[in-house]
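Listing of entry-v4.json; format and content: JSON, C-alpha atoms.
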[["chain", "number", "residue", "atom", "x", "y", "z"],
["A", 1, "MET", "CA", -1.06, 6.06, 35.53],
["A", 2, "ALA", "CA", -2.67, 8.00, 32.70],
["A", 3, "GLN", "CA", -0.02, 6.72, 30.27],
["A", 4, "ARG", "CA", -0.67, 3.10, 31.30],
["A", 5, "ILE", "CA", -4.41, 3.54, 30.80],
["A", 6, "ASN", "CA", -3.81, 5.14, 27.39],
["A", 7, "HIS", "CA", -1.48, 2.31, 26.36],
["A", 8, "LEU", "CA", -3.99, -0.31, 27.50],
["A", 9, "TRP", "CA", -6.78, 1.41, 25.55],
["A", 10, "ARG", "CA", -4.65, 1.50, 22.40],
["A", 11, "TRP", "CA", -3.77, -2.18, 22.88],
["A", 12, "ILE", "CA", -7.47, -3.02, 23.11],
["A", 13, "GLY", "CA", -8.17, -0.78, 20.10],
["A", 14, "THR", "CA", -5.43, -2.51, 18.11],
["A", 15, "ALA", "CA", -6.76, -5.97, 19.01],
["A", 16, "PHE", "CA", -10.28, -4.88, 18.02],
["A", 17, "SER", "CA", -8.97, -3.46, 14.72],
["A", 18, "PHE", "CA", -7.33, -6.78, 13.83],
["A", 19, "PHE", "CA", -10.53, -8.59, 14.77],
["A", 20, "VAL", "CA", -12.55, -6.31, 12.47],
["A", 21, "PHE", "CA", -10.06, -6.82, 9.64],
["A", 22, "GLY", "CA", -10.25, -10.60, 10.03],
["A", 23, "LEU", "CA", -14.04, -10.47, 10.20],
["A", 24, "GLY", "CA", -14.10, -8.41, 7.01],
["A", 25, "GLY", "CA", -11.87, -11.01, 5.36],
["A", 26, "ILE", "CA", -14.53, -13.62, 6.17],
["A", 27, "LEU", "CA", -17.64, -11.61, 5.32],
["A", 28, "LEU", "CA", -16.40, -10.12, 2.05],
["A", 29, "PRO", "CA", -15.95, -13.45, 0.20],
["A", 30, "LEU", "CA", -19.09, -14.90, 1.82],
["A", 31, "PHE", "CA", -21.49, -12.08, 0.95],
["A", 32, "ALA", "CA", -20.07, -9.25, -1.20],
["A", 33, "VAL", "CA", -18.31, -11.37, -3.82],
["A", 34, "PRO", "CA", -21.33, -13.65, -4.57],
["A", 35, "VAL", "CA", -23.58, -10.58, -4.88],
["A", 36, "LEU", "CA", -21.19, -9.07, -7.43],
["A", 37, "TYR", "CA", -21.51, -12.20, -9.55],
["A", 38, "LEU", "CA", -25.31, -12.22, -9.25],
["A", 39, "ILE", "CA", -25.59, -8.67, -10.62],
["A", 40, "PRO", "CA", -25.61, -8.72, -14.45],
["A", 41, "SER", "CA", -22.32, -7.15, -15.49],
["A", 42, "THR", "CA", -19.14, -7.61, -17.47],
["A", 43, "LYS", "CA", -15.92, -8.86, -15.90],
["A", 44, "ARG", "CA", -14.56, -5.31, -15.98],
["A", 45, "GLN", "CA", -17.64, -3.92, -14.22],
["A", 46, "ARG", "CA", -17.27, -6.56, -11.48],
["A", 47, "GLU", "CA", -13.61, -5.64, -11.05],
["A", 48, "ARG", "CA", -14.41, -1.94, -10.71],
["A", 49, "ARG", "CA", -17.20, -2.60, -8.23],
["A", 50, "ALA", "CA", -14.96, -4.93, -6.18],
["A", 51, "GLN", "CA", -12.22, -2.30, -6.18],
["A", 52, "GLY", "CA", -14.76, 0.24, -4.98],
["A", 53, "ILE", "CA", -15.94, -2.01, -2.14],
["A", 54, "ILE", "CA", -12.35, -2.60, -0.99],
["A", 55, "HIS", "CA", -11.54, 1.12, -1.33],
["A", 56, "HIS", "CA", -14.48, 2.21, 0.83],
["A", 57, "SER", "CA", -13.93, -0.63, 3.30],
["A", 58, "PHE", "CA", -10.35, 0.49, 3.81],
["A", 59, "ARG", "CA", -11.41, 4.14, 4.17],
["A", 60, "PHE", "CA", -13.81, 3.05, 6.91],
["A", 61, "TYR", "CA", -11.10, 0.92, 8.52],
["A", 62, "ILE", "CA", -8.55, 3.76, 8.65],
["A", 63, "GLY", "CA", -11.21, 6.11, 10.02],
["A", 64, "MET", "CA", -12.19, 3.55, 12.64],
["A", 65, "MET", "CA", -8.59, 3.16, 13.85],
["A", 66, "LYS", "CA", -8.25, 6.94, 14.04],
["A", 67, "CYS", "CA", -11.47, 7.26, 16.08],
["A", 68, "LEU", "CA", -10.30, 4.49, 18.41],
["A", 69, "GLY", "CA", -7.09, 6.43, 19.04],
["A", 70, "VAL", "CA", -4.91, 3.64, 17.62],
["A", 71, "LEU", "CA", -3.24, 6.01, 15.16],
["A", 72, "SER", "CA", -3.28, 9.46, 13.64],
["A", 73, "TYR", "CA", -2.20, 10.58, 10.19],
["A", 74, "GLU", "CA", -1.57, 13.55, 7.94],
["A", 75, "LEU", "CA", -1.66, 13.65, 4.15],
["A", 76, "GLU", "CA", 0.21, 15.89, 1.73],
["A", 77, "ASP", "CA", -0.53, 16.47, -1.96],
["A", 78, "VAL", "CA", -2.80, 13.42, -2.26],
["A", 79, "ASP", "CA", -4.63, 15.12, -5.15],
["A", 80, "LYS", "CA", -1.69, 14.02, -7.31],
["A", 81, "LEU", "CA", -2.94, 10.45, -6.99],
["A", 82, "ARG", "CA", -5.97, 11.26, -9.19],
["A", 83, "GLN", "CA", -3.86, 11.09, -12.34],
["A", 84, "ALA", "CA", -1.35, 8.54, -11.08],
["A", 85, "LYS", "CA", -0.55, 5.50, -13.15],
["A", 86, "LEU", "CA", 2.26, 3.62, -11.41],
["A", 87, "ILE", "CA", 2.46, 4.37, -7.66],
["A", 88, "LEU", "CA", 5.68, 3.38, -5.90],
["A", 89, "ALA", "CA", 5.98, 3.71, -2.12],
["A", 90, "ASN", "CA", 8.30, 2.72, 0.66],
["A", 91, "HIS", "CA", 6.86, 0.14, 3.03],
["A", 92, "PRO", "CA", 7.48, 0.79, 6.76],
["A", 93, "SER", "CA", 4.30, -0.84, 8.07],
["A", 94, "LEU", "CA", 1.91, -3.69, 7.38],
["A", 95, "ILE", "CA", -0.99, -1.28, 6.85],
["A", 96, "ASP", "CA", 0.66, 0.93, 4.20],
["A", 97, "VAL", "CA", -1.32, -0.79, 1.44],
["A", 98, "ILE", "CA", -4.55, -0.15, 3.36],
["A", 99, "PHE", "CA", -3.78, 3.58, 3.44],
["A", 100, "LEU", "CA", -2.94, 3.69, -0.27],
["A", 101, "ILE", "CA", -5.98, 1.75, -1.44],
["A", 102, "ALA", "CA", -8.13, 3.95, 0.83],
["A", 103, "LEU", "CA", -6.73, 6.98, -1.04],
["A", 104, "VAL", "CA", -7.00, 5.57, -4.59],
["A", 105, "PRO", "CA", -10.50, 4.50, -5.75],
["A", 106, "ASN", "CA", -9.20, 2.76, -8.90],
["A", 107, "ALA", "CA", -6.30, 1.02, -7.17],
["A", 108, "ASN", "CA", -4.85, -2.21, -8.45],
["A", 109, "CYS", "CA", -1.92, -3.84, -6.72],
["A", 110, "VAL", "CA", 0.53, -6.70, -6.98],
["A", 111, "VAL", "CA", -0.16, -9.37, -4.35],
["A", 112, "LYS", "CA", 1.74, -12.47, -3.27],
["A", 113, "GLY", "CA", 0.68, -15.73, -4.88],
["A", 114, "GLY", "CA", 0.04, -17.27, -1.47],
["A", 115, "LEU", "CA", -2.90, -14.93, -0.88],
["A", 116, "VAL", "CA", -4.75, -16.49, -3.82],
["A", 117, "ARG", "CA", -4.53, -19.88, -2.12],
["A", 118, "ASN", "CA", -6.07, -18.45, 1.04],
["A", 119, "PRO", "CA", -9.84, -19.06, 0.99],
["A", 120, "PHE", "CA", -10.53, -15.76, 2.77],
["A", 121, "THR", "CA", -8.58, -13.58, 0.33],
["A", 122, "ARG", "CA", -8.82, -15.47, -2.96],
["A", 123, "GLY", "CA", -12.33, -14.27, -3.87],
["A", 124, "PRO", "CA", -11.83, -10.52, -3.31],
["A", 125, "ILE", "CA", -8.39, -10.53, -4.98],
["A", 126, "LYS", "CA", -9.57, -12.30, -8.12],
["A", 127, "THR", "CA", -12.85, -10.36, -8.33],
["A", 128, "ALA", "CA", -11.01, -7.02, -8.04],
["A", 129, "GLY", "CA", -8.57, -8.08, -10.77],
["A", 130, "TYR", "CA", -5.50, -7.64, -8.57],
["A", 131, "ILE", "CA", -2.24, -8.84, -10.10],
["A", 132, "ILE", "CA", -0.77, -12.09, -8.77],
["A", 133, "ASN", "CA", 3.01, -12.01, -8.38],
["A", 134, "GLU", "CA", 3.91, -15.46, -9.72],
["A", 135, "ASN", "CA", 6.48, -14.49, -12.36],
["A", 136, "SER", "CA", 7.94, -11.20, -13.58],
["A", 137, "GLU", "CA", 6.77, -11.53, -17.18],
["A", 138, "GLY", "CA", 3.22, -12.24, -16.08],
["A", 139, "VAL", "CA", 3.25, -9.20, -13.78],
["A", 140, "ILE", "CA", 4.42, -6.94, -16.61],
["A", 141, "LEU", "CA", 1.72, -8.18, -18.98],
["A", 142, "ALA", "CA", -0.95, -7.84, -16.28],
["A", 143, "ALA", "CA", 0.30, -4.34, -15.44],
["A", 144, "ALA", "CA", -0.07, -3.28, -19.08],
["A", 145, "GLU", "CA", -3.63, -4.61, -19.07],
["A", 146, "ALA", "CA", -4.38, -2.76, -15.81],
["A", 147, "PHE", "CA", -3.13, 0.53, -17.25],
["A", 148, "ALA", "CA", -5.24, -0.02, -20.37],
["A", 149, "LYS", "CA", -8.27, -0.33, -18.05],
["A", 150, "ASN", "CA", -7.32, 2.96, -16.34],
["A", 151, "ASP", "CA", -6.27, 1.29, -13.10],
["A", 152, "ALA", "CA", -3.63, 2.88, -10.89],
["A", 153, "LEU", "CA", -1.08, 0.23, -9.92],
["A", 154, "ILE", "CA", 0.47, 0.22, -6.44],
["A", 155, "ILE", "CA", 3.85, -1.46, -5.99],
["A", 156, "PHE", "CA", 6.25, -1.51, -3.06],
["A", 157, "PRO", "CA", 9.59, -1.67, -4.91],
["A", 158, "GLU", "CA", 11.46, -3.09, -1.91],
["A", 159, "GLY", "CA", 9.43, -6.27, -2.28],
["A", 160, "THR", "CA", 8.94, -6.47, 1.49],
["A", 161, "ARG", "CA", 8.55, -4.18, 4.48],
["A", 162, "THR", "CA", 11.33, -1.71, 5.21],
["A", 163, "THR", "CA", 13.77, -2.61, 7.97],
["A", 164, "PRO", "CA", 13.68, 0.29, 10.46],
["A", 165, "GLN", "CA", 16.75, 2.55, 10.59],
["A", 166, "GLN", "CA", 18.21, 1.06, 7.40],
["A", 167, "MET", "CA", 18.58, 2.38, 3.88],
["A", 168, "LEU", "CA", 16.05, 1.20, 1.34],
["A", 169, "ARG", "CA", 17.11, -1.49, -1.12],
["A", 170, "LEU", "CA", 14.85, -1.54, -4.15],
["A", 171, "LYS", "CA", 14.40, -4.57, -6.36],
["A", 172, "ARG", "CA", 14.27, -4.23, -10.12],
["A", 173, "GLY", "CA", 10.70, -5.49, -10.59],
["A", 174, "ALA", "CA", 8.97, -2.11, -10.27],
["A", 175, "ALA", "CA", 11.44, -0.47, -12.67],
["A", 176, "ASN", "CA", 10.88, -3.29, -15.17],
["A", 177, "VAL", "CA", 7.14, -2.62, -15.03],
["A", 178, "ALA", "CA", 7.72, 1.11, -15.60],
["A", 179, "ILE", "CA", 10.11, 0.54, -18.52],
["A", 180, "ARG", "CA", 8.18, -2.22, -20.26],
["A", 181, "THR", "CA", 4.84, -0.39, -20.00],
["A", 182, "ALA", "CA", 6.24, 3.15, -20.46],
["A", 183, "ALA", "CA", 4.44, 4.20, -17.26],
["A", 184, "ASP", "CA", 5.47, 7.38, -15.45],
["A", 185, "ILE", "CA", 6.01, 6.95, -11.72],
["A", 186, "THR", "CA", 4.26, 8.70, -8.84],
["A", 187, "PRO", "CA", 6.45, 8.26, -5.74],
["A", 188, "VAL", "CA", 4.83, 8.20, -2.30],
["A", 189, "LEU", "CA", 6.77, 8.71, 0.93],
["A", 190, "ILE", "CA", 5.37, 7.02, 4.04],
["A", 191, "GLU", "CA", 6.68, 7.80, 7.52],
["A", 192, "CYS", "CA", 5.49, 5.90, 10.57],
["A", 193, "VAL", "CA", 6.50, 7.15, 14.03],
["A", 194, "PRO", "CA", 6.97, 5.26, 16.26],
["A", 195, "THR", "CA", 7.63, 2.11, 14.27],
["A", 196, "THR", "CA", 4.78, -0.38, 14.25],
["A", 197, "LEU", "CA", 3.81, -3.51, 12.33],
["A", 198, "SER", "CA", 7.23, -3.76, 10.68],
["A", 199, "LYS", "CA", 8.86, -7.13, 10.03],
["A", 200, "GLU", "CA", 10.27, -6.95, 13.55],
["A", 201, "ASN", "CA", 6.93, -6.18, 15.26],
["A", 202, "ARG", "CA", 3.94, -8.35, 16.09],
["A", 203, "TRP", "CA", 0.46, -6.83, 16.22],
["A", 204, "TYR", "CA", 0.48, -6.90, 20.02],
["A", 205, "ASP", "CA", 3.74, -4.91, 20.22],
["A", 206, "VAL", "CA", 1.82, -1.67, 20.67],
["A", 207, "PRO", "CA", 4.19, 1.34, 21.02],
["A", 208, "SER", "CA", 4.25, 3.43, 24.18],
["A", 209, "LYS", "CA", 2.69, 6.36, 22.31],
["A", 210, "LYS", "CA", 0.16, 6.72, 19.51],
["A", 211, "VAL", "CA", 1.45, 5.88, 16.04],
["A", 212, "HIS", "CA", 1.46, 8.79, 13.58],
["A", 213, "PHE", "CA", 1.58, 8.29, 9.81],
["A", 214, "ARG", "CA", 2.73, 10.98, 7.39],
["A", 215, "ILE", "CA", 2.04, 10.32, 3.71],
["A", 216, "LYS", "CA", 3.36, 12.60, 0.99],
["A", 217, "VAL", "CA", 2.69, 12.21, -2.73],
["A", 218, "CYS", "CA", 5.65, 13.53, -4.73],
["A", 219, "ALA", "CA", 6.03, 14.92, -8.23],
["A", 220, "VAL", "CA", 5.88, 12.46, -11.12],
["A", 221, "VAL", "CA", 9.13, 10.83, -12.21],
["A", 222, "PRO", "CA", 9.00, 10.56, -16.03],
["A", 223, "VAL", "CA", 10.15, 7.26, -17.46],
["A", 224, "ALA", "CA", 10.97, 8.61, -20.95],
["A", 225, "PRO", "CA", 14.71, 9.20, -20.31],
["A", 226, "TYR", "CA", 15.18, 5.55, -19.40],
["A", 227, "LEU", "CA", 13.36, 4.30, -22.50],
["A", 228, "ALA", "CA", 16.19, 5.73, -24.61],
["A", 229, "GLU", "CA", 18.72, 3.24, -23.21],
["A", 230, "SER", "CA", 20.16, 0.51, -25.44],
["A", 231, "ALA", "CA", 18.03, -2.22, -23.87],
["A", 232, "PRO", "CA", 15.10, -2.38, -21.42],
["A", 233, "SER", "CA", 17.30, -4.20, -18.90],
["A", 234, "VAL", "CA", 19.81, -1.33, -18.94],
["A", 235, "GLY", "CA", 17.05, 1.24, -18.47],
["A", 236, "ALA", "CA", 15.52, -0.78, -15.62],
["A", 237, "ARG", "CA", 18.89, -1.08, -13.89],
["A", 238, "LYS", "CA", 19.52, 2.66, -14.09],
["A", 239, "LEU", "CA", 15.98, 3.51, -13.04],
["A", 240, "THR", "CA", 16.26, 1.20, -10.03],
["A", 241, "ALA", "CA", 19.50, 2.87, -8.97],
["A", 242, "ASP", "CA", 18.02, 6.35, -9.38],
["A", 243, "LEU", "CA", 14.84, 5.44, -7.53],
["A", 244, "THR", "CA", 16.85, 3.95, -4.67],
["A", 245, "GLU", "CA", 18.83, 7.17, -4.35],
["A", 246, "TYR", "CA", 15.68, 9.28, -4.71],
["A", 247, "PHE", "CA", 13.69, 7.46, -2.00],
["A", 248, "ASN", "CA", 16.56, 7.36, 0.47],
["A", 249, "LYS", "CA", 17.31, 11.06, 0.00],
["A", 250, "GLU", "CA", 13.68, 12.22, 0.10],
["A", 251, "LEU", "CA", 12.83, 10.12, 3.15],
["A", 252, "VAL", "CA", 15.71, 11.69, 5.10],
["A", 253, "LEU", "CA", 14.51, 15.17, 4.12],
["A", 254, "TYR", "CA", 10.93, 14.21, 4.98],
["A", 255, "GLU", "CA", 11.93, 12.97, 8.43],
["A", 256, "GLN", "CA", 13.97, 16.12, 9.03],
["A", 257, "SER", "CA", 11.00, 18.31, 8.13],
["A", 258, "ALA", "CA", 8.86, 16.37, 10.62],
["A", 259, "ALA", "CA", 11.46, 16.89, 13.34],
["A", 260, "ARG", "CA", 11.47, 20.67, 12.70],
["A", 261, "ASP", "CA", 7.67, 20.79, 12.88]]

Go through the file and emit its structure as structure tokens.
Amino acid sequence: MAQRINHLWRWIGTAFSFFVFGLGGILLPLFAVPVLYLIPSTKRQRERRAQGIIHHSFRFYIGMMKCLGVLSYELEDVDKLRQAKLILANHPSLIDVIFLIALVPNANCVVKGGLVRNPFTRGPIKTAGYIINENSEGVILAAAEAFAKNDALIIFPEGTRTTPQQMLRLKRGAANVAIRTAADITPVLIECVPTTLSKENRWYDVPSKKVHFRIKVCAVVPVAPYLAESAPSVGARKLTADLTEYFNKELVLYEQSAARD
């Protein structure tokens, strides 16, 4: 009986969390974005302020879900994100990006082009200066500009959410950004147990027990060795292969450490 009550409460908490997120998606472009344009400032100042609003909103949102009992989480070595330039993470859940932006005040990220055509997300995305993924060359140029502005860029190199119980398959886009901008990589491992909000789950598929996230920021992977290859495409191909092996190996070790604990 107690388990059923707990599951029902977490279902209600999950539904409320999605309602709050949707409400924020309406209120932010209606109120916050116009205010940012009314305040005298440069385009860069507006971007930084918009990034700050989204960062603090996501911190509040994660804290709210924790207080509701929807999820719990633990963080490891997140101080390494302070100097991060290019952040690459695996992508087990829909809310991974919310966690990462909540942890990185100067976060930029690559978003799908369809989100810019959505009236509820277009304003915040453009005001924050987030990068629109319409073509690879445009993403690389925008990434270089973001780094010049001291943004930390978040990319999920799989290009979509991870399929549970399967090896990661990384696409070459993130490696191309690293090679073409000479940006060192800060890998982030994300574990979500039990699985929730994956490609196979709907929001109402609330697990039988509370979801627990573990997020570990790893040591920087220098890009310099790959810049010495005969061509950027060769370096990107090798870097993609090495990153694929790295993430798959480290995630197994990370899961094993969680099982021992």

Which one is closest to Glu229 in chain A: A:Phe16, A:Ile179, A:Asn135, A:Gly69? Count all atoms listed in the file.
A:Ile179

Of the listed residues A:Ala89, A:Pro29, A:Phe58, A:Cys192, that which approaches Pro119 in chain A most closely, counting all atoms listed in the file:
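Checking each candidate against Pro119 in chain A, we get A:Pro29 as the closest.
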
Measure the distance from CA of Thr127 in chain A to CA of Thr162 in chain A in Å and round it to one decimal.
29.0 Å

Tell me, counting only C-alpha atoms, for each residue of range 21-109 of chain A within 12 Å of range 164-172 of chain A, which pair of atoms is nearest and how far apart they are in Å to one decimal, in rows ordered by chain and increasing number, as a Markdown table.
| residue | atom | partner | partner_atom | distance |
| --- | --- | --- | --- | --- |
| A:Leu88 | CA | A:Leu170 | CA | 10.6 |
| A:Ala89 | CA | A:Leu170 | CA | 10.5 |
| A:Asn90 | CA | A:Leu168 | CA | 7.9 |
| A:His91 | CA | A:Leu168 | CA | 9.4 |
| A:Pro92 | CA | A:Pro164 | CA | 7.2 |
| A:Ser93 | CA | A:Pro164 | CA | 9.7 |

The selected residues should be written to file as a short mmCIF file (atom, residue, chain, number, x, y, z; two decimals), in the frame of the given file (atoms: C-alpha atoms).
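File written: out.cif
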data_model
loop_
_atom_site.label_atom_id
_atom_site.label_comp_id
_atom_site.auth_asym_id
_atom_site.auth_seq_id
_atom_site.Cartn_x
_atom_site.Cartn_y
_atom_site.Cartn_z
CA LEU A 88 5.68 3.38 -5.90
CA ALA A 89 5.98 3.71 -2.12
CA ASN A 90 8.30 2.72 0.66
CA HIS A 91 6.86 0.14 3.03
CA PRO A 92 7.48 0.79 6.76
CA SER A 93 4.30 -0.84 8.07
#

Using only C-alpha atoms, which of A:Val211, A:Arg48, A:Glu191, A:Ala231 sits nearest Gln256 in chain A?
A:Glu191

What residues have an atom no more than 10 Å from (-5.8, 5.6, -1.4) in the file's own frame, counting all atoms listed in the file, and can you write them as a ChimeraX atom specification?
/A:55-56,58-59,78,81-82,96-107,154

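Neighbours of range 212-219 of chain A closer than or equal to 7 Å, with all atoms listed in the file counted and sequence neighbours fewer than 3 positions away skipped, come out as A:Leu71, A:Ser72, A:Tyr73, A:Glu74, A:Leu75, A:Glu76, A:Asp77, A:Val78, A:Lys80, A:Thr186, A:Pro187, A:Val188, A:Leu189, A:Ile190, A:Glu191, A:Cys192, A:Val193.
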
Could you check the closest approach to Ile185 in chain A for each of A:Lys210, A:Lys85, A:Lys43, A:Arg4 and tell me which residue wins, using all atoms listed in the file?
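Counting all atoms listed in the file, the residue closest to Ile185 in chain A is A:Lys85.
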
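Proximity to Ala183 in chain A was assessed for A:Ala148, A:Leu197, A:Ile125, A:Leu27 counting only C-alpha atoms; the smallest distance is recorded for A:Ala148.
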
If we draw a sphere of 12 Å around (-9.5, -3.7, -10.1), which residues have at least one atom in it when counting all atoms listed in the file? Please report them as number ranges by chain.
A: 43-55, 101, 104-110, 124-131, 142-143, 145-154

Work out how far CA of Ala144 in chain A is from CA of Pro225 in chain A, in Å to one decimal.
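Answer for the CA of Pro225 in chain A to CA of Ala144 in chain A separation: 19.4 Å.
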
Nearest to Ile87 in chain A, chosen from A:Val139, A:Lys112, A:Val220, A:Asn201, with all atoms listed in the file counted in the distances
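Among the listed residues, A:Val220 lies closest to Ile87 in chain A.
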